[in-house]
Structures are given as structure tokens and as C-alpha cells.
file my_file.cif (mmCIF, C-alpha atoms)
data_run
loop_
_atom_site.label_atom_id
_atom_site.label_comp_id
_atom_site.auth_asym_id
_atom_site.auth_seq_id
_atom_site.Cartn_x
_atom_site.Cartn_y
_atom_site.Cartn_z
CA MET A 1 88.04 85.59 -80.37
CA ARG A 2 88.79 82.83 -82.91
CA ARG A 3 92.41 82.87 -81.90
CA ASP A 4 91.33 80.73 -78.95
CA ASN A 5 91.15 77.85 -81.39
CA HIS A 6 94.91 77.83 -81.46
CA LYS A 7 94.91 76.23 -78.10
CA VAL A 8 93.28 73.09 -79.49
CA HIS A 9 95.51 70.08 -79.55
CA PRO A 10 96.97 69.51 -83.06
CA ARG A 11 95.51 65.98 -83.32
CA ARG A 12 92.01 67.20 -82.48
CA ARG A 13 92.47 70.14 -84.84
CA GLN A 14 92.98 67.80 -87.82
CA TRP A 15 89.59 66.18 -87.32
CA SER A 16 87.79 69.43 -86.58
CA ILE A 17 88.94 70.93 -89.92
CA GLN A 18 87.91 67.97 -92.06
CA PRO A 19 84.12 68.31 -92.01
CA ALA A 20 84.39 71.96 -93.07
CA ARG A 21 86.59 71.16 -96.11
CA SER A 22 85.13 67.88 -97.31
CA GLY A 23 81.94 69.48 -98.68
CA VAL A 24 83.63 72.21 -100.68
CA ALA A 25 83.04 70.66 -104.13
CA THR A 26 79.42 69.87 -103.32
CA VAL A 27 78.85 73.38 -102.05
CA TRP A 28 80.37 74.78 -105.23
CA LEU A 29 78.12 72.56 -107.31
CA ILE A 30 75.04 73.58 -105.33
CA VAL A 31 75.94 77.24 -105.72
CA SER A 32 76.85 77.06 -109.43
CA PHE A 33 74.16 74.56 -110.50
CA PRO A 34 71.34 77.13 -110.77
CA ALA A 35 73.65 79.52 -112.62
CA MET A 36 74.70 76.84 -115.11
CA LEU A 37 71.10 75.70 -115.52
CA ALA A 38 70.06 79.29 -116.16
CA ALA A 39 72.86 79.63 -118.73
CA LEU A 40 71.66 76.45 -120.48
CA HIS A 41 68.10 77.81 -120.50
CA LEU A 42 69.30 81.10 -121.90
CA VAL A 43 71.27 79.43 -124.68
CA LEU A 44 68.27 77.30 -125.63
CA GLU A 45 65.83 80.20 -125.47
CA VAL A 46 67.99 82.58 -127.51
CA GLY A 47 68.73 79.87 -130.10
CA TRP A 48 65.05 78.99 -130.36
CA MET A 49 64.05 82.66 -130.71
CA HIS A 50 66.62 83.21 -133.43
CA ARG A 51 65.44 80.15 -135.36
CA THR A 52 61.74 80.96 -134.94
CA ARG A 53 62.32 84.49 -136.23
CA SER A 54 64.12 83.07 -139.29
CA GLU A 55 61.31 80.56 -139.88
CA LEU A 56 58.71 83.31 -139.77
CA GLN A 57 60.71 85.60 -142.05
CA ILE A 58 61.19 82.82 -144.61
CA ALA A 59 57.45 82.05 -144.56
CA VAL A 60 56.57 85.72 -144.94
CA ASN A 61 59.07 86.19 -147.80
CA GLY A 62 57.57 83.21 -149.63
CA ALA A 63 54.03 84.50 -149.07
CA ALA A 64 54.85 87.98 -150.40
CA LEU A 65 56.56 86.51 -153.47
CA ALA A 66 53.58 84.22 -154.12
CA GLY A 67 51.09 87.09 -153.89
CA ALA A 68 53.11 89.32 -156.21
CA ARG A 69 53.70 86.48 -158.65
CA VAL A 70 50.03 85.53 -159.00
CA TRP A 71 48.92 89.14 -159.26
CA GLY A 72 51.70 90.01 -161.69
CA THR A 73 51.19 87.12 -164.10
CA GLY A 74 47.41 87.11 -163.93
CA GLY A 75 46.70 89.63 -166.69
CA THR A 76 43.75 91.96 -166.18
CA ASN A 77 43.68 93.44 -162.69
CA ASN A 78 40.30 92.44 -161.30
CA ALA A 79 38.88 91.40 -157.93
CA THR A 80 39.00 87.68 -158.75
CA LEU A 81 42.69 87.84 -159.62
CA ARG A 82 43.46 89.79 -156.48
CA SER A 83 41.57 87.21 -154.38
CA LEU A 84 43.64 84.49 -156.05
CA ALA A 85 46.84 86.39 -155.22
CA LYS A 86 45.85 86.73 -151.57
CA SER A 87 44.82 83.11 -151.38
CA ALA A 88 48.18 81.98 -152.87
CA SER A 89 49.94 84.11 -150.30
CA SER A 90 48.01 82.69 -147.35
CA GLU A 91 48.46 79.16 -148.72
CA ILE A 92 52.25 79.58 -148.54
CA LEU A 93 51.95 80.90 -144.98
CA ALA A 94 49.79 77.94 -143.95
CA SER A 95 52.40 75.51 -145.30
CA HIS A 96 55.06 76.81 -142.93
CA PRO A 97 54.54 75.69 -139.35
CA ILE A 98 56.48 77.93 -137.02
CA SER A 99 58.54 76.46 -134.18
CA GLY A 100 57.54 72.93 -135.09
CA ASP A 101 53.79 73.05 -134.72
CA THR A 102 52.44 76.60 -134.59
CA PRO A 103 50.59 76.94 -137.91
CA LEU A 104 50.11 80.18 -139.77
CA SER A 105 46.86 78.86 -141.25
CA ALA A 106 44.84 81.14 -138.97
CA VAL A 107 46.31 84.22 -140.63
CA SER A 108 43.54 86.10 -142.39
CA ALA A 109 43.87 86.71 -146.14
CA ASN A 110 42.41 90.18 -145.44
CA ASP A 111 40.39 89.82 -148.63
CA ASN A 112 37.38 91.93 -149.56
CA PRO A 113 36.65 92.08 -153.33
CA ALA A 114 34.63 95.26 -152.81
CA SER A 115 37.58 97.22 -151.39
CA THR A 116 40.44 98.92 -153.21
CA ASN A 117 43.07 96.27 -154.04
CA ASN A 118 40.83 93.77 -152.15
CA ASN A 119 42.27 95.01 -148.85
CA GLU A 120 39.62 94.55 -146.20
CA ALA A 121 41.64 96.42 -143.60
CA CYS A 122 44.80 98.44 -143.65
CA PRO A 123 47.18 97.78 -141.97
CA GLY A 124 46.50 94.07 -142.42
CA SER A 125 48.27 90.74 -142.67
CA ILE A 126 48.22 90.50 -146.48
CA LEU A 127 48.00 93.70 -148.49
CA LEU A 128 48.04 94.32 -152.20
CA GLY A 129 49.05 97.70 -153.48
CA SER A 130 51.09 99.86 -155.73
CA PHE A 131 54.88 99.94 -155.39
CA THR A 132 56.85 102.77 -156.99
CA ALA A 133 60.08 104.47 -155.91
CA ALA A 134 60.30 102.52 -152.63
CA VAL A 135 56.79 103.58 -151.64
CA PHE A 136 54.11 100.95 -151.05
CA SER A 137 50.57 102.34 -151.22
CA ALA A 138 47.85 99.89 -150.25
CA GLY A 139 45.08 102.31 -151.22
CA ILE A 140 46.23 103.07 -154.76
CA PRO A 141 45.46 100.67 -157.63
CA PRO A 142 48.68 100.00 -159.59
CA ASP A 143 48.92 101.67 -163.00
CA SER A 144 50.90 98.83 -164.55
CA ALA A 145 51.72 95.19 -163.80
CA ASP A 146 55.20 96.24 -162.68
CA GLU A 147 53.69 98.29 -159.90
CA ARG A 148 51.72 95.36 -158.51
CA ALA A 149 53.09 94.45 -155.12
CA CYS A 150 52.15 92.29 -152.17
CA ARG A 151 53.05 93.12 -148.59
CA VAL A 152 52.79 90.48 -145.86
CA SER A 153 53.11 91.46 -142.24
CA ILE A 154 52.65 88.88 -139.51
CA THR A 155 52.74 89.19 -135.75
CA ILE A 156 52.38 85.95 -133.83
CA ASP A 157 52.77 84.78 -130.26
CA VAL A 158 54.62 81.50 -129.89
CA ASP A 159 54.96 79.61 -126.61
CA SER A 160 58.53 78.95 -125.63
CA PRO A 161 59.24 75.20 -125.63
CA PHE A 162 61.42 75.80 -122.56
CA GLY A 163 58.60 77.06 -120.38
CA LEU A 164 59.65 80.69 -120.45
CA GLY A 165 56.26 82.04 -121.48
CA SER A 166 55.11 83.37 -124.80
CA ARG A 167 57.19 85.45 -127.22
CA THR A 168 55.95 87.79 -129.90
CA PHE A 169 57.53 87.56 -133.33
CA VAL A 170 57.05 90.07 -136.11
CA ALA A 171 58.03 89.69 -139.76
CA THR A 172 57.27 91.80 -142.81
CA ALA A 173 58.13 91.38 -146.48
CA THR A 174 57.10 93.13 -149.66
CA ALA A 175 57.46 91.70 -153.15
CA ALA A 176 56.81 93.39 -156.47
CA TRP A 177 56.31 92.01 -159.94
CA ASP A 178 59.12 92.42 -162.45
CA SER A 179 57.77 91.83 -165.94
CA ALA A 180 61.19 92.23 -167.61
CA ASN A 181 62.64 89.27 -165.70
CA VAL A 182 59.27 87.52 -165.47
CA LYS A 183 59.45 86.99 -161.75
CA ALA A 184 58.44 88.50 -158.46
CA HIS A 185 61.24 89.84 -156.29
CA LEU A 186 61.55 91.12 -152.75
CA VAL A 187 61.81 94.89 -152.44
CA THR A 188 62.74 97.33 -149.70
CA VAL A 189 59.94 99.65 -148.68
CA GLU A 190 60.93 103.02 -147.30
CA THR A 191 57.43 104.42 -147.02
CA PHE A 192 54.30 102.42 -146.36
CA THR A 193 50.92 104.03 -146.68
CA CYS A 194 47.36 102.81 -146.55
CA LEU A 195 46.16 105.72 -148.68
CA MET B 1 100.98 86.90 -80.21
CA THR B 2 101.10 83.33 -81.47
CA SER B 3 104.50 81.83 -81.46
CA ILE B 4 106.00 79.98 -84.44
CA LYS B 5 105.85 76.81 -82.46
CA LYS B 6 102.16 77.22 -81.90
CA LYS B 7 101.57 77.98 -85.59
CA ALA B 8 103.42 74.84 -86.59
CA ALA B 9 101.21 72.88 -84.31
CA LEU B 10 98.16 74.06 -86.26
CA ILE B 11 99.37 72.53 -89.53
CA PRO B 12 98.03 69.00 -89.84
CA THR B 13 100.63 66.33 -90.22
CA HIS B 14 101.20 64.76 -93.65
CA ARG B 15 99.90 61.45 -92.39
CA ALA B 16 96.70 62.99 -91.10
CA MET B 17 96.03 64.85 -94.39
CA ALA B 18 95.93 61.67 -96.47
CA PRO B 19 92.36 60.58 -95.65
CA ARG B 20 91.12 64.13 -96.06
CA ARG B 21 92.71 64.40 -99.49
CA ALA B 22 91.09 61.14 -100.47
CA VAL B 23 87.67 62.37 -99.37
CA VAL B 24 88.06 65.66 -101.26
CA SER B 25 89.31 63.84 -104.37
CA LEU B 26 86.42 61.39 -104.22
CA GLU B 27 83.98 64.23 -103.81
CA LEU B 28 85.48 66.08 -106.76
CA LEU B 29 85.33 62.90 -108.80
CA VAL B 30 81.60 62.62 -108.13
CA VAL B 31 80.80 66.32 -108.58
CA MET B 32 83.01 67.19 -111.57
CA PRO B 33 81.12 65.15 -114.20
CA ILE B 34 77.85 66.84 -113.27
CA GLY B 35 79.34 70.28 -113.75
CA LEU B 36 81.12 69.18 -116.89
CA ILE B 37 77.94 67.68 -118.36
CA LEU B 38 76.12 70.95 -117.75
CA LEU B 39 78.88 73.02 -119.35
CA LEU B 40 79.13 70.69 -122.34
CA SER B 41 75.33 70.74 -122.70
CA ILE B 42 75.43 74.52 -122.97
CA ALA B 43 78.13 74.35 -125.66
CA LEU B 44 76.39 71.49 -127.51
CA MET B 45 72.92 73.05 -127.53
CA GLY B 46 74.24 76.47 -128.50
CA SER B 47 76.19 75.01 -131.39
CA LEU B 48 73.31 72.77 -132.51
CA LEU B 49 70.76 75.59 -132.52
CA SER B 50 73.08 77.96 -134.30
CA HIS B 51 73.88 75.44 -137.01
CA SER B 52 70.26 74.36 -137.25
CA ASN B 53 69.51 77.92 -138.29
CA ARG B 54 72.08 77.54 -141.08
CA VAL B 55 70.26 74.43 -142.26
CA LEU B 56 67.04 76.46 -142.41
CA GLN B 57 68.78 79.14 -144.46
CA ALA B 58 70.19 76.46 -146.77
CA ALA B 59 66.70 75.03 -147.31
CA ASP B 60 65.49 78.55 -148.12
CA VAL B 61 68.28 79.05 -150.65
CA GLY B 62 67.46 75.66 -152.21
CA ALA B 63 63.74 76.45 -152.40
CA GLN B 64 64.48 79.84 -153.95
CA ARG B 65 66.68 78.18 -156.59
CA ALA B 66 64.05 75.52 -157.33
CA SER B 67 61.27 78.11 -157.56
CA ILE B 68 62.98 80.30 -160.15
CA ALA B 69 64.09 77.39 -162.35
CA PRO B 70 62.20 76.68 -165.56
CA ARG B 71 59.39 74.18 -165.13
CA ALA B 72 60.92 70.72 -164.75
CA VAL B 73 60.50 67.48 -162.85
CA ALA B 74 62.26 67.09 -159.49
CA LEU B 75 64.99 64.86 -160.93
CA VAL B 76 66.03 67.65 -163.29
CA LEU B 77 65.83 70.31 -160.58
CA ILE B 78 67.78 68.48 -157.91
CA PRO B 79 71.41 68.91 -159.11
CA ASP B 80 71.01 72.68 -159.19
CA VAL B 81 69.25 72.75 -155.81
CA VAL B 82 71.88 70.51 -154.21
CA SER B 83 74.62 72.74 -155.56
CA ALA B 84 72.97 75.85 -154.05
CA VAL B 85 72.36 74.10 -150.71
CA ASP B 86 75.91 72.72 -150.55
CA GLN B 87 77.37 76.10 -151.34
CA HIS B 88 75.44 77.66 -148.47
CA LEU B 89 76.31 74.86 -146.04
CA ALA B 90 79.99 74.97 -146.97
CA ALA B 91 80.06 78.73 -146.37
CA ALA B 92 78.69 78.02 -142.88
CA GLY B 93 81.42 75.45 -142.28
CA ILE B 94 79.04 72.47 -142.39
CA SER B 95 80.11 69.27 -144.12
CA THR B 96 78.44 68.76 -147.49
CA ASP B 97 79.43 65.12 -147.70
CA SER B 98 76.48 63.19 -149.13
CA SER B 99 76.79 60.68 -146.28
CA ASN B 100 75.85 63.45 -143.85
CA ARG B 101 73.12 65.35 -145.62
CA GLN B 102 69.94 64.78 -147.55
CA VAL B 103 68.17 67.13 -149.94
CA ILE B 104 64.62 66.38 -151.03
CA VAL B 105 62.90 68.30 -153.82
CA GLU B 106 59.14 68.01 -154.27
CA GLU B 107 57.51 69.78 -157.17
CA ARG B 108 53.95 70.25 -158.31
CA VAL B 109 54.92 72.62 -161.10
CA GLN B 110 55.65 70.35 -164.06
CA SER B 111 54.03 67.21 -162.67
CA SER B 112 54.00 65.75 -159.17
CA THR B 113 57.48 64.35 -158.61
CA VAL B 114 59.95 63.88 -155.79
CA ALA B 115 63.70 63.44 -155.89
CA SER B 116 66.18 62.92 -153.09
CA SER B 117 69.94 63.24 -152.92
CA GLY B 118 72.30 61.99 -150.22
CA VAL B 119 71.86 59.66 -147.29
CA ASN B 120 68.32 58.69 -146.29
CA LEU B 121 67.72 60.57 -143.03
CA TYR B 122 64.19 61.90 -143.24
CA SER B 123 61.13 60.30 -144.81
CA PRO B 124 58.28 62.83 -144.90
CA SER B 125 54.84 61.38 -144.32
CA ASP B 126 53.20 64.20 -146.28
CA THR B 127 55.15 63.91 -149.52
CA LEU B 128 53.72 66.12 -152.29
CA ASN B 129 51.04 67.49 -149.96
CA ILE B 130 51.85 70.95 -151.28
CA PRO B 131 49.83 73.54 -153.22
CA THR B 132 49.68 73.32 -156.99
CA ASN B 133 52.41 75.20 -158.83
CA SER B 134 54.80 75.08 -155.89
CA VAL B 135 58.07 73.47 -154.93
CA ARG B 136 59.28 72.35 -151.52
CA VAL B 137 62.87 71.73 -150.55
CA THR B 138 63.83 69.76 -147.45
CA VAL B 139 67.37 69.74 -146.11
CA ALA B 140 68.34 67.23 -143.42
CA ILE B 141 71.80 67.09 -141.85
CA LYS B 142 73.22 64.62 -139.37
CA ALA B 143 73.66 66.24 -135.96
CA THR B 144 77.25 65.01 -135.83
CA ALA B 145 77.99 67.01 -138.99
CA LEU B 146 76.71 70.13 -137.26
CA THR B 147 78.64 69.85 -134.01
CA SER B 148 80.96 67.58 -132.07
CA ASP B 149 79.36 64.76 -130.11
CA LEU B 150 80.47 66.35 -126.83
CA LEU B 151 78.33 64.28 -124.48
CA ALA B 152 78.93 60.90 -126.11
CA ASN B 153 81.25 59.85 -123.28
CA TYR B 154 78.51 60.54 -120.75
CA GLY B 155 75.88 58.45 -122.50
CA PHE B 156 74.08 61.31 -124.27
CA SER B 157 75.11 60.81 -127.88
CA ILE B 158 73.64 62.78 -130.78
CA ALA B 159 74.98 60.26 -133.31
CA ASN B 160 71.48 59.18 -134.39
CA GLY B 161 70.01 62.69 -134.49
CA TYR B 162 69.57 65.02 -137.40
CA ALA B 163 68.26 68.52 -138.05
CA PHE B 164 65.89 69.18 -140.91
CA HIS B 165 64.03 72.13 -142.36
CA ARG B 166 61.51 72.46 -145.18
CA VAL B 167 60.75 75.53 -147.22
CA LEU B 168 57.89 75.88 -149.68
CA ARG B 169 57.83 78.39 -152.53
CA LEU B 170 55.38 79.11 -155.29
CA HIS B 171 56.91 78.65 -158.73
CA ASN B 172 58.48 81.98 -159.68
CA GLY B 173 60.35 80.98 -162.80
CA PRO B 174 59.75 81.56 -166.50
CA THR B 175 56.14 81.13 -167.55
CA LEU B 176 55.17 78.65 -170.23
#
call {"tool": "encode", "arguments": {"input": "my_file.cif", "output": "C-alpha cells"}}
result
Amino acid sequence: MRRDNHKVHPRRRQWSIQPARSGVATVWLIVSFPAMLAALHLVLEVGWMHRTRSELQIAVNGAALAGARVWGTGGTNNATLRSLAKSASSEILASHPISGDTPLSAVSANDNPASTNNNEACPGSILLGSFTAAVFSAGIPPDSADERACRVSITIDVDSPFGLGSRTFVATATAAWDSANVKAHLVTVETFTCL
Amino acid sequence: MTSIKKKAALIPTHRAMAPRRAVVSLELLVVMPIGLILLLSIALMGSLLSHSNRVLQAADVGAQRASIAPRAVALVLIPDVVSAVDQHLAAAGISTDSSNRQVIVEERVQSSTVASSGVNLYSPSDTLNIPTNSVRVTVAIKATALTSDLLANYGFSIANGYAFHRVLRLHNGPTL
């Protein structure tokens, strides 16, 4: 039993206790260091994710507004104008590097002049379509300029600068032309359809 | 059962505890700063990243304001953009003192012009390398205006650092 220790001479006892107590702070540091390091990593990762998501959303908002603006102000709705709208949209995306150096220049304009609203594929990164009563229809040509809308939806993988692998970020924005106020504005889409 | 006398014998004498206390204190003195640096780093980085996001939002607000303004050169646009940016920064509790922040407006809407307001923190190497008919707003803020320089006493000062964000928008204002 440990109670046998009580028989040790007091003087000897003093020196036998010391080595056990002198490393307490170091032991605490060794134990808490990984936890604190993990907390630091977590703070950095969460902060970076939050900022990257905002960067992507801002880029996507700008791209949707650009597409709607060019399509809305362009006059006659033809394939050339729609190509210009899509190109303006992708140009804005390309000008916004995400997380410092991940460019959005590789995002396809999804442009095919032979297709309805020039949409090569639906769903796609940049879509033109008709927007009425909170419904965006990529497969319906807009009846009027005010129905012309551009929807940008981007999904990208960005490597974490803190070595925690790759994260997927998604952002979507839809903008419609407002001829009364002569500007494109962001709208909320309740129903999205490719038809 | 241990007698009181025996128990008393187990307690180290005051004289004998002195060197042990010194060792423990010395150890704490060496270990504490490391723990403190780590804790302060967590607070500093969290605060910096959170406020950096506000700077991004401010640049977005500025770019939005510049994009919907009537066609004009950057010098004409900048007071309105600065006002919008400052309003957003102030709402986020960030100093809008011109010695702490810089706002740059680049426009290729009216003609190709650049205007800057506030202290010179950031000098873009790609000035006016933006698409035709677009505006770009850059907001740069000194790191010390975003958060306290918590690690300055430990040799890791953020006094010379700054956060900046740039947002590009196609002109969305009144047509000619």
C-alpha cells in the first residue's frame, strides 16, 4: 500500500516529492498544446471558409447583374446579344480570384447560340431565361425586356490554405432587368426550371 | 491509522519548500508565454478574419454604389463611394479615419481613370486592367484598425499589415 511511504524520513520525503511537481507546468503545456493548436486551426479554417464564401457570392452577384444588364439594355433579343450577355457575366467572374489565387476564369459561359436562350446545358453555370412571379425558366424566351434574367450558379473546390484539404463552395444569384429604373437588380427565385 | 505526529512529518518544512517554489515559478515563467501566445493568436486571427470579411463587404457596397452612379470619372465618383464604404465600416465598428483606410476607385465607364482616398496602403500593379464599361473598388484597412495588436509584446506585431479587398462591377447606372 502507498501508506508505507509515510515511513520515509521527512527530509528524504521533501526531495522525493520535488521531481513529481516540478514538471507540472510543462506537462500541462504538452497536454494543452495540441488542443490550443487545433483551436487556432479551427478559427483560421472557419474564418477562411466564411470569407471565401462571401468572395464567391459577391463574384456571382456581380456576374448575374452584368448578364442581366447587357441582355436588358441590348435591344432586340438575338443570339449575338445573348452571347454578349454571357460573356460579360463570365468576364466579371474571371476578374474575381477566390481565396487569393483561385481564378473563376475556367467557368464555362455555357453559351450555344443555337439553343433556347443560348443555354448549352441546363442546369449550367450561366443561364439566361425568363423571370416572372419569382419563377426563373431557362427554357422559355422572355416576352419582354423586363423578363430577361441571368442566373449564375457556381460550385468550386478550393484548397484550404491551412492544409485541411479541399472545400466545396456553392453560390447562386439571379438578376433581372428593370427597365423602369434602368438597371439590373438581384431577385429571389422561388422556382427554378429548365423548361 | 496514521497519527497526527506522523502526518506533520510528511509536510515539508518552509525552508525546504523554497527551492521547489523557485523551480515551479521558473518553469511557469518559461511555459506561460507559450500558452499565452497561442491563446492570443487564436483571438487575434479570429478577430482579423472576421473583420477582413467586413472589409470585403464594404468593398462590395462601394462597388455597387460606383456601378449604379451616372457615368463619371473616378474623381467624381469617389466621394460617394467613400461615404458608402465608411458607413458600412462604421456600422461594423471599424475606424473610418482616413489615416487607417484607403479607397481606390477605377473606372472604365466614362474614360479610364483612377482615384484614391485616404492613406497610401496598397498600390495595385494591375491598375485599370478591368473590362470595358466596369468599375472596380478596392478597400484597404490597416490591420491595427481592425483589431488590437495583441502579440506586439511578443515580437509578432501586425502594425505594418493591412487587409484589402477588390470588387469589380459592370456599370449598372443610367444609360447615356
call {"tool": "resolve_selection", "arguments": {"input": "my_file.cif", "expression": "the PyMOL selection byres ((chain B and resi 116-133) around 7)", "output": "PyMOL selection string"}}
result
chain B and resi 98-106+108-109+112+114-115+134+140+170-171
call {"tool": "atom_distance", "arguments": {"input": "my_file.cif", "atom1": "CA of Asp143 (chain A)", "atom2": "CA of Ser108 (chain A)"}}
result
26.4 Å
call {"tool": "closest_residue", "arguments": {"input": "my_file.cif", "among": "B:Ala145, B:Val24, B:Val167, B:Asn172", "to": "Gln57 (chain A)", "atoms": "only C-alpha atoms"}}
result
B:Val167
call {"tool": "closest_residue", "arguments": {"input": "my_file.cif", "among": "A:Ala59, A:Val24, A:Ala149, A:Ala109", "to": "Phe131 (chain A)", "atoms": "all atoms listed in the file"}}
result
A:Ala149
call {"tool": "residues_around", "arguments": {"input": "my_file.cif", "residues": "region 116-121 of chain A", "least_positions_apart": "6", "cutoff": "9 Å", "atoms": "only C-alpha atoms", "output": "JSON, numbers by chain"}}
result
{"A": [78, 79, 82, 83, 86, 109, 110, 127, 128, 129, 130, 138, 139, 140, 141, 142]}
call {"tool": "resolve_selection", "arguments": {"input": "my_file.cif", "expression": "the PyMOL selection byres ((chain A and resi 177) around 6)", "output": "short mmCIF file (atom, residue, chain, number, x, y, z; two decimals) with C-alpha atoms, in the frame of the given file"}}
result
data_model
loop_
_atom_site.label_atom_id
_atom_site.label_comp_id
_atom_site.auth_asym_id
_atom_site.auth_seq_id
_atom_site.Cartn_x
_atom_site.Cartn_y
_atom_site.Cartn_z
CA ALA A 68 53.11 89.32 -156.21
CA GLY A 72 51.70 90.01 -161.69
CA ASP A 146 55.20 96.24 -162.68
CA ARG A 148 51.72 95.36 -158.51
CA ALA A 176 56.81 93.39 -156.47
CA ASP A 178 59.12 92.42 -162.45
CA ALA A 184 58.44 88.50 -158.46
#
call {"tool": "atom_distance", "arguments": {"input": "my_file.cif", "atom1": "CA of Val137 (chain B)", "atom2": "CA of Asp80 (chain B)"}}
result
11.9 Å
call {"tool": "residues_near_point", "arguments": {"input": "my_file.cif", "point": "(45.8, 79.0, -141.2)", "cutoff": "10 Å", "atoms": "all atoms listed in the file", "output": "JSON, numbers by chain"}}
result
{"A": [90, 91, 92, 93, 94, 95, 96, 97, 102, 103, 104, 105, 106, 107, 108, 109]}
call {"tool": "resolve_selection", "arguments": {"input": "my_file.cif", "expression": "the PyMOL selection byres ((chain A and resi 42-55) around 6)", "output": "PyMOL selection string"}}
result
(chain A and resi 39-41+56-58+99) or (chain B and resi 46+49+53)
call {"tool": "closest_residue", "arguments": {"input": "my_file.cif", "among": "A:Cys150, A:Ser115, A:Phe33, A:Ala173", "to": "Gly67 (chain A)", "atoms": "all atoms listed in the file"}}
result
A:Cys150
call {"tool": "residues_near_point", "arguments": {"input": "my_file.cif", "point": "(80.4, 73.5, -143.5)", "cutoff": "12 Å", "atoms": "all atoms listed in the file", "output": "PyMOL selection string"}}
result
chain B and resi 51-52+54-55+58+85-97+100-101+141+144-147
call {"tool": "write_last_selection", "arguments": {"input": "my_file.cif", "atoms": "C-alpha atoms", "output": "PDB file, in the frame of the given file"}}
result
ATOM      1  CA  HIS B  51      73.880  75.440-137.010  1.00  0.00           C
ATOM      2  CA  SER B  52      70.260  74.360-137.250  1.00  0.00           C
ATOM      3  CA  ARG B  54      72.080  77.540-141.080  1.00  0.00           C
ATOM      4  CA  VAL B  55      70.260  74.430-142.260  1.00  0.00           C
ATOM      5  CA  ALA B  58      70.190  76.460-146.770  1.00  0.00           C
ATOM      6  CA  VAL B  85      72.360  74.100-150.710  1.00  0.00           C
ATOM      7  CA  ASP B  86      75.910  72.720-150.550  1.00  0.00           C
ATOM      8  CA  GLN B  87      77.370  76.100-151.340  1.00  0.00           C
ATOM      9  CA  HIS B  88      75.440  77.660-148.470  1.00  0.00           C
ATOM     10  CA  LEU B  89      76.310  74.860-146.040  1.00  0.00           C
ATOM     11  CA  ALA B  90      79.990  74.970-146.970  1.00  0.00           C
ATOM     12  CA  ALA B  91      80.060  78.730-146.370  1.00  0.00           C
ATOM     13  CA  ALA B  92      78.690  78.020-142.880  1.00  0.00           C
ATOM     14  CA  GLY B  93      81.420  75.450-142.280  1.00  0.00           C
ATOM     15  CA  ILE B  94      79.040  72.470-142.390  1.00  0.00           C
ATOM     16  CA  SER B  95      80.110  69.270-144.120  1.00  0.00           C
ATOM     17  CA  THR B  96      78.440  68.760-147.490  1.00  0.00           C
ATOM     18  CA  ASP B  97      79.430  65.120-147.700  1.00  0.00           C
ATOM     19  CA  ASN B 100      75.850  63.450-143.850  1.00  0.00           C
ATOM     20  CA  ARG B 101      73.120  65.350-145.620  1.00  0.00           C
ATOM     21  CA  ILE B 141      71.800  67.090-141.850  1.00  0.00           C
ATOM     22  CA  THR B 144      77.250  65.010-135.830  1.00  0.00           C
ATOM     23  CA  ALA B 145      77.990  67.010-138.990  1.00  0.00           C
ATOM     24  CA  LEU B 146      76.710  70.130-137.260  1.00  0.00           C
ATOM     25  CA  THR B 147      78.640  69.850-134.010  1.00  0.00           C
TER      26      THR B 147
END
call {"tool": "closest_residue", "arguments": {"input": "my_file.cif", "among": "B:Leu151, B:Val81, B:Val139, B:Val31", "to": "chain A", "atoms": "all atoms listed in the file"}}
result
B:Val31
call {"tool": "closest_residue", "arguments": {"input": "my_file.cif", "among": "B:Pro19, B:Gly62, B:Pro174, B:Gly155", "to": "chain A", "atoms": "only C-alpha atoms"}}
result
B:Pro174
call {"tool": "atom_distance", "arguments": {"input": "my_file.cif", "atom1": "CA of Leu29 (chain A)", "atom2": "CA of Leu39 (chain B)"}}
result
12.1 Å
call {"tool": "decode", "arguments": {"input": "my_file.cif", "residues": "region 111-129 of chain B", "atoms": "C-alpha atoms", "output": "tab-separated table (two decimals), in the first residue's frame"}}
result
chain	number	residue	atom	x	y	z
B	111	SER	CA	-12.87	57.17	-69.53
B	112	SER	CA	-10.05	55.23	-67.90
B	113	THR	CA	-9.38	56.98	-64.59
B	114	VAL	CA	-8.28	56.12	-61.08
B	115	ALA	CA	-8.81	58.00	-57.84
B	116	SER	CA	-7.69	57.17	-54.34
B	117	SER	CA	-8.75	58.47	-50.95
B	118	GLY	CA	-7.01	58.05	-47.60
B	119	VAL	CA	-3.58	56.81	-46.61
B	120	ASN	CA	-1.49	55.04	-49.26
B	121	LEU	CA	-1.53	51.38	-48.19
B	122	TYR	CA	-1.97	49.39	-51.37
B	123	SER	CA	-0.58	50.09	-54.84
B	124	PRO	CA	-2.16	47.70	-57.34
B	125	SER	CA	0.15	46.53	-60.10
B	126	ASP	CA	-2.79	45.92	-62.45
B	127	THR	CA	-4.43	49.33	-62.29
B	128	LEU	CA	-7.24	49.73	-64.84
B	129	ASN	CA	-6.78	46.15	-66.06
